[in-house]
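What follows is the content of work-v2.tsv, which has TSV, C-alpha atoms (C1' of nucleotides):
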chain	number	residue	atom	x	y	z
A	275	MET	CA	89.84	-86.77	20.73
A	276	LYS	CA	86.60	-85.95	22.43
A	277	TYR	CA	84.20	-87.31	19.85
A	278	ILE	CA	86.12	-90.21	18.38
A	279	ASP	CA	84.91	-92.70	20.95
A	280	LYS	CA	81.39	-91.39	20.83
A	281	LEU	CA	81.30	-92.10	17.11
A	282	ARG	CA	83.13	-95.43	17.29
A	283	ASN	CA	80.90	-96.65	20.06
A	284	SER	CA	77.86	-96.13	17.91
A	285	GLY	CA	79.39	-97.80	14.88
A	286	LEU	CA	80.12	-94.62	12.98
A	287	ARG	CA	83.60	-94.12	11.59
A	288	PRO	CA	85.13	-91.00	13.04
A	289	THR	CA	85.86	-89.23	9.79
A	290	LYS	CA	87.27	-85.74	9.59
A	291	GLN	CA	83.90	-84.39	8.46
A	292	ARG	CA	81.93	-86.04	11.22
A	293	LEU	CA	84.36	-84.85	13.87
A	294	GLN	CA	84.15	-81.32	12.56
A	295	ILE	CA	80.39	-81.44	12.56
A	296	CYS	CA	80.49	-82.81	16.10
A	297	GLU	CA	82.49	-79.77	17.16
A	298	VAL	CA	79.92	-77.43	15.70
A	299	LEU	CA	76.97	-79.33	17.13
A	300	PHE	CA	78.12	-80.51	20.52
A	301	ASN	CA	81.09	-78.44	21.64
A	302	THR	CA	78.90	-75.62	22.91
A	303	GLU	CA	77.77	-74.24	26.21
A	304	LYS	CA	74.12	-74.47	25.32
A	305	THR	CA	72.09	-76.76	23.12
A	306	PHE	CA	70.44	-75.20	20.09
A	307	HIS	CA	67.94	-75.65	17.29
A	308	PHE	CA	68.91	-75.60	13.64
A	309	THR	CA	67.93	-76.31	10.08
A	310	ILE	CA	70.32	-77.97	7.66
A	311	ASN	CA	70.98	-74.65	5.99
A	312	GLN	CA	71.76	-72.94	9.24
A	313	LEU	CA	74.10	-75.77	10.16
A	314	GLU	CA	75.83	-75.55	6.79
A	315	GLN	CA	76.45	-71.85	7.40
A	316	LYS	CA	77.82	-72.51	10.88
A	317	ILE	CA	80.15	-75.13	9.47
A	318	LYS	CA	81.37	-72.76	6.79
A	319	ASP	CA	82.07	-70.13	9.42
A	320	SER	CA	84.04	-72.41	11.68
A	321	ILE	CA	86.20	-74.58	9.44
A	322	ASP	CA	88.53	-73.97	6.51
A	323	ASN	CA	87.83	-76.97	4.33
A	324	LYS	CA	84.49	-77.53	2.67
A	325	ILE	CA	81.97	-80.16	3.67
A	326	SER	CA	79.53	-81.15	0.98
A	327	LEU	CA	75.87	-80.48	1.57
A	328	ALA	CA	75.15	-84.16	1.00
A	329	THR	CA	77.53	-85.02	3.82
A	330	VAL	CA	75.81	-82.59	6.13
A	331	TYR	CA	72.50	-84.30	5.38
A	332	ASN	CA	74.03	-87.76	5.76
A	333	THR	CA	75.67	-86.87	9.04
A	334	VAL	CA	72.66	-85.22	10.58
A	335	HIS	CA	70.53	-88.22	9.71
A	336	ALA	CA	73.14	-90.62	11.06
A	337	PHE	CA	73.37	-88.65	14.30
A	338	GLU	CA	69.62	-88.52	14.60
A	339	LYS	CA	69.35	-92.27	14.15
A	340	LYS	CA	71.91	-92.76	16.90
A	341	GLY	CA	70.03	-90.43	19.19
A	342	TYR	CA	72.50	-87.55	19.19
A	343	LEU	CA	69.98	-85.24	17.57
A	344	LYS	CA	66.22	-84.93	17.57
A	345	GLN	CA	63.85	-83.69	14.93
A	346	ILE	CA	61.40	-81.12	16.18
A	347	PRO	CA	57.85	-81.76	15.02
A	348	ILE	CA	56.75	-78.50	13.53
A	349	ASN	CA	55.30	-77.40	10.22
A	350	SER	CA	57.86	-75.53	8.25
A	351	ASN	CA	59.35	-75.83	4.80
A	352	GLN	CA	62.60	-76.88	6.47
A	353	THR	CA	63.21	-79.57	9.05
A	354	TYR	CA	64.31	-78.36	12.46
A	355	PHE	CA	66.72	-80.33	14.59
A	356	ASP	CA	67.65	-80.01	18.23
A	357	THR	CA	70.94	-80.81	19.92
A	358	ASN	CA	69.01	-81.11	23.17
A	359	VAL	CA	68.00	-84.76	23.18
A	360	THR	CA	66.53	-84.83	26.67
A	361	ASP	CA	62.77	-85.09	27.00
A	362	HIS	CA	61.49	-81.59	26.60
A	363	HIS	CA	59.09	-79.42	24.67
A	364	HIS	CA	58.98	-76.24	22.62
A	365	PHE	CA	57.45	-72.87	22.30
A	366	TYR	CA	57.11	-71.72	18.74
A	367	ASP	CA	56.92	-68.01	18.23
A	368	LEU	CA	54.73	-67.68	15.16
A	369	LYS	CA	55.71	-64.10	14.43
A	370	ASP	CA	59.49	-64.45	14.71
A	371	GLN	CA	59.45	-68.10	13.65
A	372	LYS	CA	61.68	-68.91	16.58
A	373	LEU	CA	61.81	-71.99	18.77
A	374	ILE	CA	62.34	-71.79	22.52
A	375	ASP	CA	62.94	-74.75	24.79
A	376	LEU	CA	60.37	-75.69	27.37
A	377	GLU	CA	61.84	-77.99	29.97
A	378	ASN	CA	59.82	-80.91	31.14
A	379	SER	CA	59.56	-79.21	34.51
A	380	ASP	CA	57.93	-76.20	32.83
A	381	VAL	CA	55.08	-78.40	31.68
A	382	GLY	CA	53.01	-80.31	34.18
A	383	PRO	CA	53.14	-84.10	33.94
A	384	ILE	CA	51.23	-85.35	30.94
A	385	ASN	CA	49.00	-88.31	31.40
A	386	ILE	CA	47.88	-89.98	28.18
A	387	LYS	CA	44.74	-91.88	29.09
A	388	LYS	CA	43.96	-93.47	25.76
A	389	LYS	CA	45.76	-96.68	24.83
A	390	ILE	CA	46.32	-98.09	21.36
A	391	ASN	CA	46.33	-101.84	21.04
A	392	GLY	CA	49.81	-103.29	20.61
A	393	LYS	CA	51.54	-99.92	20.53
A	394	ARG	CA	53.84	-98.33	23.05
A	395	ILE	CA	54.37	-94.65	23.61
A	396	LYS	CA	57.78	-93.67	22.35
A	397	SER	CA	57.64	-89.96	23.05
A	398	VAL	CA	55.30	-87.19	24.07
A	399	GLU	CA	56.08	-83.83	22.56
A	400	VAL	CA	54.28	-80.59	23.24
A	401	LEU	CA	54.36	-77.64	20.88
A	402	VAL	CA	53.10	-74.37	22.32
A	403	LYS	CA	52.43	-71.76	19.68
A	404	LEU	CA	52.90	-68.15	20.73
A	405	GLU	CA	51.37	-65.00	19.33
A	406	ASP	CA	51.67	-61.35	20.33
B	249	MET	CA	23.00	-74.51	0.02
B	250	LYS	CA	24.68	-75.76	3.14
B	251	TYR	CA	28.08	-74.18	2.70
B	252	ILE	CA	27.24	-71.00	0.82
B	253	ASP	CA	26.62	-69.01	3.94
B	254	LYS	CA	29.60	-70.45	5.72
B	255	LEU	CA	31.82	-69.23	2.92
B	256	ARG	CA	30.10	-65.87	2.48
B	257	ASN	CA	30.22	-65.18	6.18
B	258	SER	CA	33.96	-65.52	6.16
B	259	GLY	CA	34.44	-63.35	3.11
B	260	LEU	CA	35.09	-66.19	0.69
B	261	ARG	CA	33.11	-66.30	-2.52
B	262	PRO	CA	31.15	-69.50	-2.74
B	263	THR	CA	32.56	-70.71	-6.02
B	264	LYS	CA	31.71	-74.07	-7.52
B	265	GLN	CA	35.14	-75.42	-6.65
B	266	ARG	CA	35.05	-74.28	-3.05
B	267	LEU	CA	31.58	-75.72	-2.54
B	268	GLN	CA	32.66	-79.04	-3.98
B	269	ILE	CA	35.71	-79.11	-1.75
B	270	CYS	CA	33.48	-78.28	1.21
B	271	GLU	CA	31.40	-81.33	0.42
B	272	VAL	CA	34.44	-83.55	0.43
B	273	LEU	CA	35.90	-82.04	3.58
B	274	PHE	CA	32.93	-81.30	5.77
B	275	ASN	CA	29.97	-83.37	4.63
B	276	THR	CA	31.12	-86.43	6.53
B	277	GLU	CA	30.18	-88.34	9.65
B	278	LYS	CA	33.66	-88.14	11.10
B	279	THR	CA	36.48	-85.67	10.87
B	280	PHE	CA	39.66	-86.85	9.18
B	281	HIS	CA	43.31	-86.15	8.45
B	282	PHE	CA	44.66	-85.63	4.97
B	283	THR	CA	47.50	-84.46	2.80
B	284	ILE	CA	46.91	-82.36	-0.29
B	285	ASN	CA	47.51	-85.37	-2.49
B	286	GLN	CA	45.04	-87.49	-0.61
B	287	LEU	CA	42.48	-84.70	-0.82
B	288	GLU	CA	43.07	-84.34	-4.54
B	289	GLN	CA	42.36	-88.04	-4.98
B	290	LYS	CA	39.19	-87.84	-2.90
B	291	ILE	CA	38.02	-84.91	-5.00
B	292	LYS	CA	38.68	-86.80	-8.21
B	293	ASP	CA	36.71	-89.74	-6.90
B	294	SER	CA	33.68	-87.72	-5.94
B	295	ILE	CA	33.15	-85.14	-8.65
B	296	ASP	CA	33.00	-85.17	-12.43
B	297	ASN	CA	34.69	-81.95	-13.31
B	298	LYS	CA	38.34	-81.32	-12.63
B	299	ILE	CA	39.69	-79.01	-9.97
B	300	SER	CA	43.18	-77.76	-10.56
B	301	LEU	CA	45.84	-78.71	-8.04
B	302	ALA	CA	46.60	-75.03	-7.53
B	303	THR	CA	42.99	-74.47	-6.54
B	304	VAL	CA	43.14	-77.29	-4.04
B	305	TYR	CA	46.18	-75.66	-2.45
B	306	ASN	CA	44.57	-72.23	-2.52
B	307	THR	CA	41.36	-73.49	-1.02
B	308	VAL	CA	42.97	-75.50	1.73
B	309	HIS	CA	45.07	-72.50	2.72
B	310	ALA	CA	42.07	-70.21	2.61
B	311	PHE	CA	40.06	-72.60	4.77
B	312	GLU	CA	42.94	-72.95	7.19
B	313	LYS	CA	43.25	-69.20	7.54
B	314	LYS	CA	39.53	-68.99	8.30
B	315	GLY	CA	39.83	-71.71	10.91
B	316	TYR	CA	37.96	-74.44	9.03
B	317	LEU	CA	41.06	-76.62	8.88
B	318	LYS	CA	44.11	-77.09	11.03
B	319	GLN	CA	47.63	-78.05	10.13
B	320	ILE	CA	49.01	-80.88	12.19
B	321	PRO	CA	52.54	-80.24	13.43
B	322	ILE	CA	54.47	-83.30	12.42
B	323	ASN	CA	57.62	-83.99	10.45
B	324	SER	CA	56.77	-85.45	7.12
B	325	ASN	CA	57.57	-84.59	3.55
B	326	GLN	CA	53.92	-83.64	3.12
B	327	THR	CA	51.79	-81.32	5.20
B	328	TYR	CA	48.95	-82.95	7.11
B	329	PHE	CA	45.66	-81.19	7.68
B	330	ASP	CA	42.79	-81.98	10.01
B	331	THR	CA	39.10	-81.27	9.56
B	332	ASN	CA	38.77	-81.52	13.32
B	333	VAL	CA	39.39	-77.97	14.44
B	334	THR	CA	38.54	-78.45	18.08
B	335	ASP	CA	41.38	-78.41	20.60
B	336	HIS	CA	42.83	-81.87	20.52
B	337	HIS	CA	45.99	-83.86	20.08
B	338	HIS	CA	47.44	-86.71	18.05
B	339	PHE	CA	49.00	-90.08	18.22
B	340	TYR	CA	51.42	-90.71	15.40
B	341	ASP	CA	52.06	-94.34	14.58
B	342	LEU	CA	55.64	-94.31	13.35
B	343	LYS	CA	55.44	-97.69	11.69
B	344	ASP	CA	52.20	-97.24	9.76
B	345	GLN	CA	52.68	-93.48	9.46
B	346	LYS	CA	49.12	-92.98	10.62
B	347	LEU	CA	47.58	-90.24	12.72
B	348	ILE	CA	44.99	-90.94	15.38
B	349	ASP	CA	43.02	-88.30	17.28
B	350	LEU	CA	43.56	-87.87	20.97
B	351	GLU	CA	40.76	-85.90	22.51
B	352	ASN	CA	41.56	-83.24	25.03
B	353	SER	CA	39.89	-85.40	27.62
B	354	ASP	CA	42.31	-88.23	26.85
B	355	VAL	CA	45.19	-86.02	27.90
B	356	GLY	CA	45.28	-84.57	31.37
B	357	PRO	CA	45.18	-80.78	31.65
B	358	ILE	CA	48.43	-79.21	30.53
B	359	ASN	CA	49.84	-76.44	32.60
B	360	ILE	CA	52.55	-74.40	30.93
B	361	LYS	CA	54.47	-72.79	33.76
B	362	LYS	CA	56.98	-70.79	31.77
B	363	LYS	CA	55.93	-67.41	30.42
B	364	ILE	CA	57.44	-65.50	27.53
B	365	ASN	CA	57.45	-61.74	27.79
B	366	GLY	CA	54.83	-60.11	25.61
B	367	LYS	CA	53.61	-63.34	24.08
B	368	ARG	CA	50.33	-65.16	24.52
B	369	ILE	CA	49.75	-68.85	24.15
B	370	LYS	CA	47.77	-69.49	21.00
B	371	SER	CA	47.65	-73.26	21.11
B	372	VAL	CA	49.06	-76.26	22.92
B	373	GLU	CA	49.47	-79.33	20.77
B	374	VAL	CA	50.68	-82.72	21.90
B	375	LEU	CA	52.13	-85.29	19.55
B	376	VAL	CA	52.45	-88.79	20.99
B	377	LYS	CA	54.68	-91.03	18.89
B	378	LEU	CA	53.85	-94.73	18.93
B	379	GLU	CA	56.06	-97.72	18.25
B	380	ASP	CA	55.39	-101.46	18.38
C	171	DC	C1'	100.86	-102.74	2.44
C	172	DA	C1'	96.65	-104.64	0.31
C	173	DC	C1'	92.04	-105.12	0.54
C	174	DT	C1'	87.30	-104.44	1.81
C	175	DT	C1'	83.75	-101.54	3.11
C	176	DA	C1'	82.10	-97.16	4.68
C	177	DT	C1'	82.00	-92.43	3.57
C	178	DT	C1'	82.29	-88.31	0.90
C	179	DT	C1'	81.24	-85.73	-2.99
C	180	DA	C1'	79.31	-83.05	-7.02
C	181	DG	C1'	75.77	-83.05	-9.49
C	182	DA	C1'	71.37	-84.78	-11.08
C	183	DA	C1'	66.76	-86.11	-9.86
C	184	DT	C1'	62.61	-85.82	-7.17
C	185	DC	C1'	58.69	-83.89	-5.43
C	186	DA	C1'	55.83	-80.84	-2.55
C	187	DT	C1'	54.70	-76.34	-2.69
C	188	DT	C1'	54.42	-71.57	-4.48
C	189	DA	C1'	54.45	-68.10	-8.12
C	190	DT	C1'	52.77	-66.32	-12.55
C	191	DA	C1'	49.84	-64.31	-15.54
C	192	DA	C1'	46.00	-65.08	-18.46
C	193	DA	C1'	41.13	-66.48	-18.57
C	194	DC	C1'	36.99	-66.64	-16.06
C	195	DT	C1'	33.16	-65.68	-12.71
C	196	DG	C1'	30.43	-63.84	-8.84
C	197	DG	C1'	28.23	-60.05	-7.24
C	198	DC	C1'	27.31	-55.29	-7.48
C	199	DT	C1'	25.46	-51.11	-9.66
C	200	DA	C1'	23.16	-48.56	-13.00
D	136	DT	C1'	19.70	-56.98	-17.77
D	137	DA	C1'	24.34	-55.32	-19.09
D	138	DG	C1'	28.68	-54.12	-17.74
D	139	DC	C1'	32.27	-53.80	-14.67
D	140	DC	C1'	35.78	-55.18	-11.28
D	141	DA	C1'	37.83	-57.64	-7.76
D	142	DG	C1'	38.34	-62.19	-6.52
D	143	DT	C1'	39.18	-66.99	-8.37
D	144	DT	C1'	40.69	-70.54	-11.15
D	145	DT	C1'	43.88	-72.59	-14.07
D	146	DA	C1'	47.92	-74.61	-16.54
D	147	DT	C1'	52.34	-74.23	-16.30
D	148	DA	C1'	56.76	-72.75	-14.74
D	149	DA	C1'	59.72	-71.88	-10.88
D	150	DT	C1'	61.49	-72.78	-6.41
D	151	DG	C1'	63.81	-75.10	-2.98
D	152	DA	C1'	64.51	-78.73	0.40
D	153	DT	C1'	65.76	-83.24	0.27
D	154	DT	C1'	67.28	-87.63	-1.72
D	155	DC	C1'	69.69	-90.32	-5.18
D	156	DT	C1'	73.68	-91.77	-7.92
D	157	DA	C1'	77.90	-93.42	-8.98
D	158	DA	C1'	82.63	-92.38	-8.88
D	159	DA	C1'	86.51	-91.00	-5.83
D	160	DT	C1'	88.40	-91.23	-1.33
D	161	DA	C1'	89.43	-92.73	3.35
D	162	DA	C1'	89.15	-95.91	7.42
D	163	DG	C1'	89.76	-100.26	9.52
D	164	DT	C1'	91.71	-104.94	9.35
D	165	DG	C1'	94.85	-108.62	8.54
Show me this structure written as structure tokens.
Amino acid sequence: MKYIDKLRNSGLRPTKQRLQICEVLFNTEKTFHFTINQLEQKIKDSIDNKISLATVYNTVHAFEKKGYLKQIPINSNQTYFDTNVTDHHHFYDLKDQKLIDLENSDVGPINIKKKINGKRIKSVEVLVKLED
Amino acid sequence: MKYIDKLRNSGLRPTKQRLQICEVLFNTEKTFHFTINQLEQKIKDSIDNKISLATVYNTVHAFEKKGYLKQIPINSNQTYFDTNVTDHHHFYDLKDQKLIDLENSDVGPINIKKKINGKRIKSVEVLVKLED
DNA sequence: CACTTATTTAGAATCATTATAAACTGGCTA
DNA sequence: TAGCCAGTTTATAATGATTCTAAATAAGTG
């Protein structure tokens, strides 16, 4: 199947649960943002068997470590993840508590002038908060 | 005293606890980043009486709402606050889990080209993750 | 098939944060 | 100054996301 190689290639066994979660996460037209609880609901809605909450956590963390998911840096009581793993940024609508993608091309180039000794820049993420 | 007016002017009663927390937060050479637990420790170290943890939470939230503190958008199990409320950004050292200020002038001007209907930009925050 | 190791699972544990409701206090008015 | 009331503080309980645990299960390998 579609995701078996993807998982094998990154050293993850393609278990039934992981493949099902792959379907929910990656077999979509558009990328999306989610919390663990939202993902759990989506999974419930789209498969018959049950996947334990612990497995959902395990899988999301495994996928994140492999670079198939990204955490979105934002202050919330829940962690937000993104299936869009390209370099990009986010609007955060404070009123509706909704995230909206901001493509790199929607933000001018960002030039970090300050350097920190012995450290490399791994990522540059912009969060644009919106109000009415 | 120094902070009585500041508090009164923003509609907060200048209680003993709030004034003491003001001392810890604002009576310093440099601004700094902190979690609630770190602040609690600092308070313990610098005053004789005890301030309840609930009061620390209440006060920090009250100060944040009045604009005397800012939350730093970052994924962590604890919320980070900043006594530097000017527009600025952050480095986040992934290894040491340490935050470092990035002044606005250290980051080129950021031009958000995308607009969202009926929404205004409230803030633009950049998080630069560092690795070795 | 047998074996080893990774994964799943339910449930318990953890821990930051928020809620509760009773006691207390600052500031106002008479 | 006394008395009142809304705003605060407080200890403690409750909440809720996340992580841990250890036993059961499944995948990969020879």
**Item:** Top pick for closest residue to chain D, considering B:Ser294, B:Asn275, B:Ile299, B:Asn285 and counting all atoms listed in the file
**Value:** B:Ile299
**Message:** Between atom CA of A:Gln352 and atom CA of A:Ile310, what distance in Å does the model show, to one decimal?
**Reply:**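 If I compute the distance from atom CA of A:Gln352 to atom CA of A:Ile310, I get 7.9 Å.
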At a cut-off of 10 Å, can you tabulate as a tab-separated table every residue of chain B near chain C together with its closest atom pair and the distance in Å to one decimal, using only C-alpha atoms (C1' of nucleotides) and ordering rows by chain then number?
residue	atom	partner	partner_atom	distance
B:Arg261	CA	C:DG196	C1'	7.3
B:Pro262	CA	C:DG196	C1'	8.4
B:Thr263	CA	C:DG196	C1'	7.7
B:Lys264	CA	C:DT195	C1'	10.0
B:Ile284	CA	C:DA186	C1'	9.3
B:Asn285	CA	C:DA186	C1'	9.5
B:Ala302	CA	C:DT188	C1'	9.1
B:Tyr305	CA	C:DT187	C1'	8.6
B:Asn325	CA	C:DA186	C1'	7.4
B:Gln326	CA	C:DA186	C1'	6.6
B:Thr327	CA	C:DA186	C1'	8.8
**Interatomic distance (Å, one decimal) between atom CA of B:Arg368 and atom CA of A:Val381** =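 Value for the atom CA of B:Arg368-atom CA of A:Val381 distance: 15.8 Å.
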**Request:** Do me a favour and pick out the residues of chain D within 10 Å of chain A, using all atoms listed in the file, as a PyMOL selection string.
**Result:** chain D and resi 151-154+161-163
So that each row is one residue of chain A with an atom at most 12 Å from chain B, can you give its shortest atom pair and the distance in Å to one decimal, using only C-alpha atoms, rows by chain and rising number, as a tab-separated table?
residue	atom	partner	partner_atom	distance
A:Lys344	CA	B:Asn323	CA	11.2
A:Gln345	CA	B:Asn323	CA	7.7
A:Ile346	CA	B:Asn323	CA	7.4
A:Pro347	CA	B:Ile322	CA	4.5
A:Ile348	CA	B:Pro321	CA	4.6
A:Asn349	CA	B:Pro321	CA	5.1
A:Ser350	CA	B:Asn323	CA	8.7
A:Asn351	CA	B:Asn325	CA	9.0
A:Gln352	CA	B:Asn323	CA	9.5
A:Thr353	CA	B:Asn323	CA	7.3
A:Tyr354	CA	B:Asn323	CA	9.0
A:Phe355	CA	B:Asn323	CA	10.6
A:His362	CA	B:Val374	CA	11.8
A:His363	CA	B:Val374	CA	9.4
A:His364	CA	B:Val372	CA	9.9
A:Phe365	CA	B:Ile369	CA	8.9
A:Tyr366	CA	B:Ile369	CA	9.6
A:Asp367	CA	B:Lys367	CA	8.2
A:Leu368	CA	B:Lys370	CA	9.3
A:Lys369	CA	B:Lys367	CA	9.9
A:Asp370	CA	B:Lys367	CA	11.1
A:Leu373	CA	B:Ile364	CA	11.7
A:Ile374	CA	B:Ile364	CA	9.4
A:Asp375	CA	B:Lys362	CA	10.0
A:Leu376	CA	B:Lys362	CA	7.4
A:Glu377	CA	B:Lys362	CA	8.9
A:Asn378	CA	B:Ile360	CA	9.8
A:Ser379	CA	B:Lys361	CA	8.2
A:Asp380	CA	B:Lys361	CA	4.9
A:Val381	CA	B:Ile360	CA	4.8
A:Gly382	CA	B:Asn359	CA	5.2
A:Pro383	CA	B:Ile358	CA	7.6
A:Ile384	CA	B:Gly356	CA	6.0
A:Asn385	CA	B:Gly356	CA	5.3
A:Ile386	CA	B:Val355	CA	4.8
A:Lys387	CA	B:Asp354	CA	4.9
A:Lys388	CA	B:Asp354	CA	5.6
A:Lys389	CA	B:Asp354	CA	9.3
A:Ile390	CA	B:Leu378	CA	8.6
A:Asn391	CA	B:Asp380	CA	9.5
A:Gly392	CA	B:Asp380	CA	6.3
A:Lys393	CA	B:Asp380	CA	4.7
A:Arg394	CA	B:Glu379	CA	5.3
A:Ile395	CA	B:Leu378	CA	4.7
A:Lys396	CA	B:Leu378	CA	5.3
A:Ser397	CA	B:Lys377	CA	5.2
A:Val398	CA	B:Val376	CA	4.5
A:Glu399	CA	B:Leu375	CA	5.2
A:Val400	CA	B:Val374	CA	4.4
A:Leu401	CA	B:Glu373	CA	5.2
A:Val402	CA	B:Val372	CA	4.5
A:Lys403	CA	B:Ser371	CA	5.2
A:Leu404	CA	B:Ile369	CA	4.7
A:Glu405	CA	B:Arg368	CA	5.3
A:Asp406	CA	B:Lys367	CA	4.7
**Message:** Using all atoms listed in the file, which protein or nucleic acid residues come within 10 Å of A:Leu286? Drop anything in the same chain fewer than 3 positions from it, and give the result as a ChimeraX atom specification.
**Reply:** /A:278-283,289,292,333,336-337,340 /C:176-177
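One finds atom CA of A:Thr357 at 8.4 Å from atom CA of A:Phe308.
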**Message:** When you count all atoms listed in the file, which of these residues is closest to D:DT143: B:Asn332, B:Gln345, B:Thr279, B:Gln265?
**Reply:**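 Going through B:Asn332, B:Gln345, B:Thr279, B:Gln265 one by one, the smallest distance to D:DT143 is for B:Gln265.
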**Asked** Could you pull the residues within 12 Å of A:Asn323, counting all atoms listed in the file, minus those fewer than 4 positions along the same chain, as number ranges by chain?
**Response** A: 290-291, 294-295, 317-319
